[in-house]
Amino acid sequence: MAPRMTLEGIYTPVVTPLHDDFSVDYDALADVVDHLVASGVHGLISGGSTGENYTQTVEERLEIARFTQDRLKGRLPLFVGTGMMRTEDSLAMATGAREMGADGILHGTPPYSVPTEHENALNTLAVDRAADLPMILYNYPGRMGVNMGEEFLDRVGRSRNVIGIKESSGDINRVHLLARDYPHIQLSCGMDDQALEFFAWGARSWICAGSNFLPEEHVLLYETCVVQGDFAKGRRIMSAMMPLMRVLEQGGKFIQCVKHGTTFMGHPTGTVRPPLRPLNKDDKRQLEQVIRTLKRTISDIKAEN
């Protein structure tokens, strides 16, 4: 039996560049993909919320994923997001991911319906059967309404395809629970301001939207903490990154900030689809100043070696 895939490093949920008419800018997407590969991230995710998946049809999500897969040409593993409101749509995404030869799927709880743990587990296992690929669970109760609790984990964790969980609850006790009681499900950081804590508790991967525009800095924190085990230096890097994380999370402008940050760093991503609106000039200026300071501070830390 083949060994489970190991989740190591920085996995970037890729933004979806748009033209002014809100259509996908595939030339810009190709540029973003190539830049991420060149910058040393360890894997990509297509169809995450950072990619504005909630504004896209199943057909459009699959088209974007296929384009990303074709552009990668096997240079990095690609996971495809399958979380949808309707089970039928999740199954279509899972089947499409399998048919395109994706390396795995990222599957979250259907939002809004608030399923029981039993219902959520059955839904997840149906998607697992349709994809038959390595699966990263995605626990984000703030967006999805419910936790992937112990009843859920006990049931789905028996599937060999379930290799990891992106934990985005913000509850540090969940990190303890997963690390101690579910060691067979690889822990992946999904809460940016807790990355250091995740790494201290054994996580070896971080699924982070900010790596769209600061990939080298995110890779550096991973390498410092996970590869080198230097948490003293890791705390300094993390401290330098905290102002960015505060800006990203303020006022619900997360995706707009990620897209503007990517544009600011030389890889234009265009606007955002409604109901969101682009950042105003003051927000852009604030983000740009935070990015400049972060890059300068972390560059100084690197130069000390």
# chains A, B, ... in the order shown; residues from 1 in each chain; ligands from 1
>>> residues_around(residues="Asn280 of chain A", least_positions_apart="5", cutoff="12 Å", atoms="only C-alpha atoms", output="list in words")
Lys253, Gln256, Cys257, His260, Thr271, Arg285, Gln286 and Leu287 of chain A
>>> write_last_selection(atoms="C-alpha atoms", output="PDB file, in the first residue's frame")
ATOM      1  CA  LYS A 253     -11.244  43.049   3.739  1.00  0.00           C
ATOM      2  CA  GLN A 256      -9.139  42.596  -1.190  1.00  0.00           C
ATOM      3  CA  CYS A 257      -5.919  42.965   0.819  1.00  0.00           C
ATOM      4  CA  HIS A 260      -3.884  44.299  -3.698  1.00  0.00           C
ATOM      5  CA  THR A 271     -10.529  43.806  -9.030  1.00  0.00           C
ATOM      6  CA  ARG A 285      -1.581  52.950   1.437  1.00  0.00           C
ATOM      7  CA  GLN A 286      -1.753  51.343   4.866  1.00  0.00           C
ATOM      8  CA  LEU A 287      -1.259  47.856   3.443  1.00  0.00           C
TER       9      LEU A 287
END
>>> residues_around(residues="segment 189-196 of chain A", least_positions_apart="3", cutoff="8 Å", atoms="only C-alpha atoms", output="number ranges by chain")
A: 166-170, 199-200, 203, 205-208, 225, 231, 234-235, 238, 242, 245
>>> residues_around(residues="Gly83 of chain A", least_positions_apart="5", cutoff="6 Å", atoms="only C-alpha atoms", output="list of chain:residue names")
A:Ser90, A:His107, A:Gly108
>>> atom_distance(atom1="atom CA of Tyr182 of chain A", atom2="atom CA of Arg98 of chain A")
26.4 Å
>>> closest_residue(among="A:Tyr222, A:Phe264, A:Tyr138, A:Phe213", to="Gln186 of chain A", atoms="only C-alpha atoms")
A:Tyr138
>>> residues_around(residues="Asp34 of chain A", least_positions_apart="6", cutoff="10 Å", atoms="only C-alpha atoms", output="ChimeraX atom specification")
/A:28,68,71-72,75
>>> write_last_selection(atoms="all heavy atoms", output="mmCIF file, in the first residue's frame")
data_model
loop_
_atom_site.group_PDB
_atom_site.id
_atom_site.type_symbol
_atom_site.label_atom_id
_atom_site.label_comp_id
_atom_site.auth_asym_id
_atom_site.auth_seq_id
_atom_site.Cartn_x
_atom_site.Cartn_y
_atom_site.Cartn_z
ATOM 1 N N ALA A 28 -2.773 36.678 -16.394
ATOM 2 C CA ALA A 28 -2.295 37.089 -15.069
ATOM 3 C C ALA A 28 -2.233 35.900 -14.121
ATOM 4 O O ALA A 28 -1.322 35.806 -13.285
ATOM 5 C CB ALA A 28 -3.207 38.176 -14.499
ATOM 6 N N THR A 68 -4.782 25.967 -13.989
ATOM 7 C CA THR A 68 -3.695 26.002 -13.011
ATOM 8 C C THR A 68 -2.871 24.722 -13.079
ATOM 9 O O THR A 68 -1.629 24.756 -13.058
ATOM 10 C CB THR A 68 -4.263 26.205 -11.598
ATOM 11 O OG1 THR A 68 -5.050 27.403 -11.581
ATOM 12 C CG2 THR A 68 -3.152 26.320 -10.568
ATOM 13 N N ARG A 71 -0.759 24.750 -16.174
ATOM 14 C CA ARG A 71 0.347 25.704 -16.068
ATOM 15 C C ARG A 71 1.459 25.160 -15.164
ATOM 16 O O ARG A 71 2.649 25.406 -15.388
ATOM 17 C CB ARG A 71 -0.160 27.044 -15.523
ATOM 18 C CG ARG A 71 0.876 28.163 -15.565
ATOM 19 C CD ARG A 71 1.128 28.606 -16.984
ATOM 20 N NE ARG A 71 2.221 29.568 -17.073
ATOM 21 C CZ ARG A 71 2.545 30.214 -18.201
ATOM 22 N NH1 ARG A 71 1.843 30.014 -19.308
ATOM 23 N NH2 ARG A 71 3.556 31.051 -18.218
ATOM 24 N N LEU A 72 1.071 24.430 -14.132
ATOM 25 C CA LEU A 72 2.064 23.890 -13.202
ATOM 26 C C LEU A 72 2.971 22.855 -13.862
ATOM 27 O O LEU A 72 4.146 22.742 -13.519
ATOM 28 C CB LEU A 72 1.358 23.252 -12.000
ATOM 29 C CG LEU A 72 0.971 24.176 -10.862
ATOM 30 C CD1 LEU A 72 0.124 23.433 -9.848
ATOM 31 C CD2 LEU A 72 2.196 24.775 -10.185
ATOM 32 N N ARG A 75 5.155 20.826 -11.575
ATOM 33 C CA ARG A 75 6.225 21.423 -10.781
ATOM 34 C C ARG A 75 5.908 21.430 -9.289
ATOM 35 O O ARG A 75 6.818 21.370 -8.448
ATOM 36 C CB ARG A 75 6.514 22.846 -11.270
ATOM 37 C CG ARG A 75 7.132 22.899 -12.662
ATOM 38 C CD ARG A 75 7.332 24.346 -13.131
ATOM 39 N NE ARG A 75 6.056 25.003 -13.415
ATOM 40 C CZ ARG A 75 5.941 26.302 -13.714
ATOM 41 N NH1 ARG A 75 7.024 27.078 -13.713
ATOM 42 N NH2 ARG A 75 4.744 26.829 -13.983
#
>>> closest_residue(among="A:Thr293, A:Asn147, A:Ser39, A:Ser23", to="Leu76 of chain A", atoms="only C-alpha atoms")
A:Ser39
>>> select_by_dssp(residues="segment 50-296 of chain A", states="strand (DSSP E or B)", output="PDB file with C-alpha atoms, in the first residue's frame")
ATOM      1  CA  LEU A  78      -2.172  20.990  -6.729  1.00  0.00           C
ATOM      2  CA  PHE A  79      -5.136  20.586  -4.395  1.00  0.00           C
ATOM      3  CA  VAL A  80      -8.610  21.517  -5.618  1.00  0.00           C
ATOM      4  CA  GLY A  81     -11.210  22.995  -3.277  1.00  0.00           C
ATOM      5  CA  GLY A 104      -5.629  16.068  -3.810  1.00  0.00           C
ATOM      6  CA  ILE A 105      -8.661  18.008  -2.614  1.00  0.00           C
ATOM      7  CA  LEU A 106      -9.354  20.513   0.154  1.00  0.00           C
ATOM      8  CA  HIS A 107     -12.838  19.902   1.531  1.00  0.00           C
ATOM      9  CA  GLY A 108     -14.802  22.098   3.914  1.00  0.00           C
ATOM     10  CA  MET A 135      -8.050  14.939   1.168  1.00  0.00           C
ATOM     11  CA  ILE A 136      -7.256  17.861   3.448  1.00  0.00           C
ATOM     12  CA  LEU A 137     -10.214  18.662   5.689  1.00  0.00           C
ATOM     13  CA  TYR A 138     -10.979  22.368   6.148  1.00  0.00           C
ATOM     14  CA  ASN A 139     -12.349  23.393   9.538  1.00  0.00           C
ATOM     15  CA  VAL A 162      -7.959  11.850   4.758  1.00  0.00           C
ATOM     16  CA  ILE A 163      -4.369  12.982   5.192  1.00  0.00           C
ATOM     17  CA  GLY A 164      -4.656  16.330   6.943  1.00  0.00           C
ATOM     18  CA  ILE A 165      -6.756  19.157   8.316  1.00  0.00           C
ATOM     19  CA  LYS A 166      -6.508  22.882   7.753  1.00  0.00           C
ATOM     20  CA  GLU A 167      -7.541  24.177  11.153  1.00  0.00           C
ATOM     21  CA  GLN A 186      -1.605  15.859   9.657  1.00  0.00           C
ATOM     22  CA  LEU A 187      -2.118  19.265  11.226  1.00  0.00           C
ATOM     23  CA  SER A 188      -1.900  22.242   8.863  1.00  0.00           C
ATOM     24  CA  CYS A 189      -1.989  25.847  10.035  1.00  0.00           C
ATOM     25  CA  SER A 205       2.501  22.882   6.712  1.00  0.00           C
ATOM     26  CA  TRP A 206       0.761  26.233   6.507  1.00  0.00           C
ATOM     27  CA  ILE A 207      -2.037  27.059   4.057  1.00  0.00           C
TER      28      ILE A 207
END
>>> closest_residue(among="A:Ile298, A:Leu29, A:Met85, A:Ala131", to="Gln69 of chain A", atoms="only C-alpha atoms")
A:Leu29
>>> residues_around(residues="Asp25 of chain A", least_positions_apart="6", cutoff="10 Å", atoms="only C-alpha atoms", output="number ranges by chain")
A: 16-19, 268-270
>>> write_last_selection(atoms="C-alpha atoms", output="CSV table (one decimal), in the first residue's frame")
chain,number,residue,atom,x,y,z
A,16,THR,CA,-8.1,34.6,-9.1
A,17,PRO,CA,-7.0,37.6,-11.2
A,18,LEU,CA,-9.9,39.4,-12.9
A,19,HIS,CA,-10.4,41.8,-15.8
A,268,PRO,CA,-1.5,42.4,-11.0
A,269,THR,CA,-4.7,40.6,-10.0
A,270,GLY,CA,-7.3,43.2,-10.9
>>> atom_distance(atom1="atom CA of Pro77 of chain A", atom2="atom CA of Leu44 of chain A")
6.4 Å
>>> closest_residue(among="A:Arg292, A:Lys73, A:Arg61, A:His267", to="His35 of chain A", atoms="only C-alpha atoms")
A:His267
>>> select_by_dssp(residues="segment 73-260 of chain A", states="alpha helix (DSSP H)", output="PyMOL selection string")
chain A and resi 87-100+117-131+141-144+150-156+172-181+195-200+215-222+231-249+254-260
>>> closest_residue(among="A:Arg66, A:His184, A:Arg296, A:Arg174", to="Ser159 of chain A", atoms="only C-alpha atoms")
A:His184
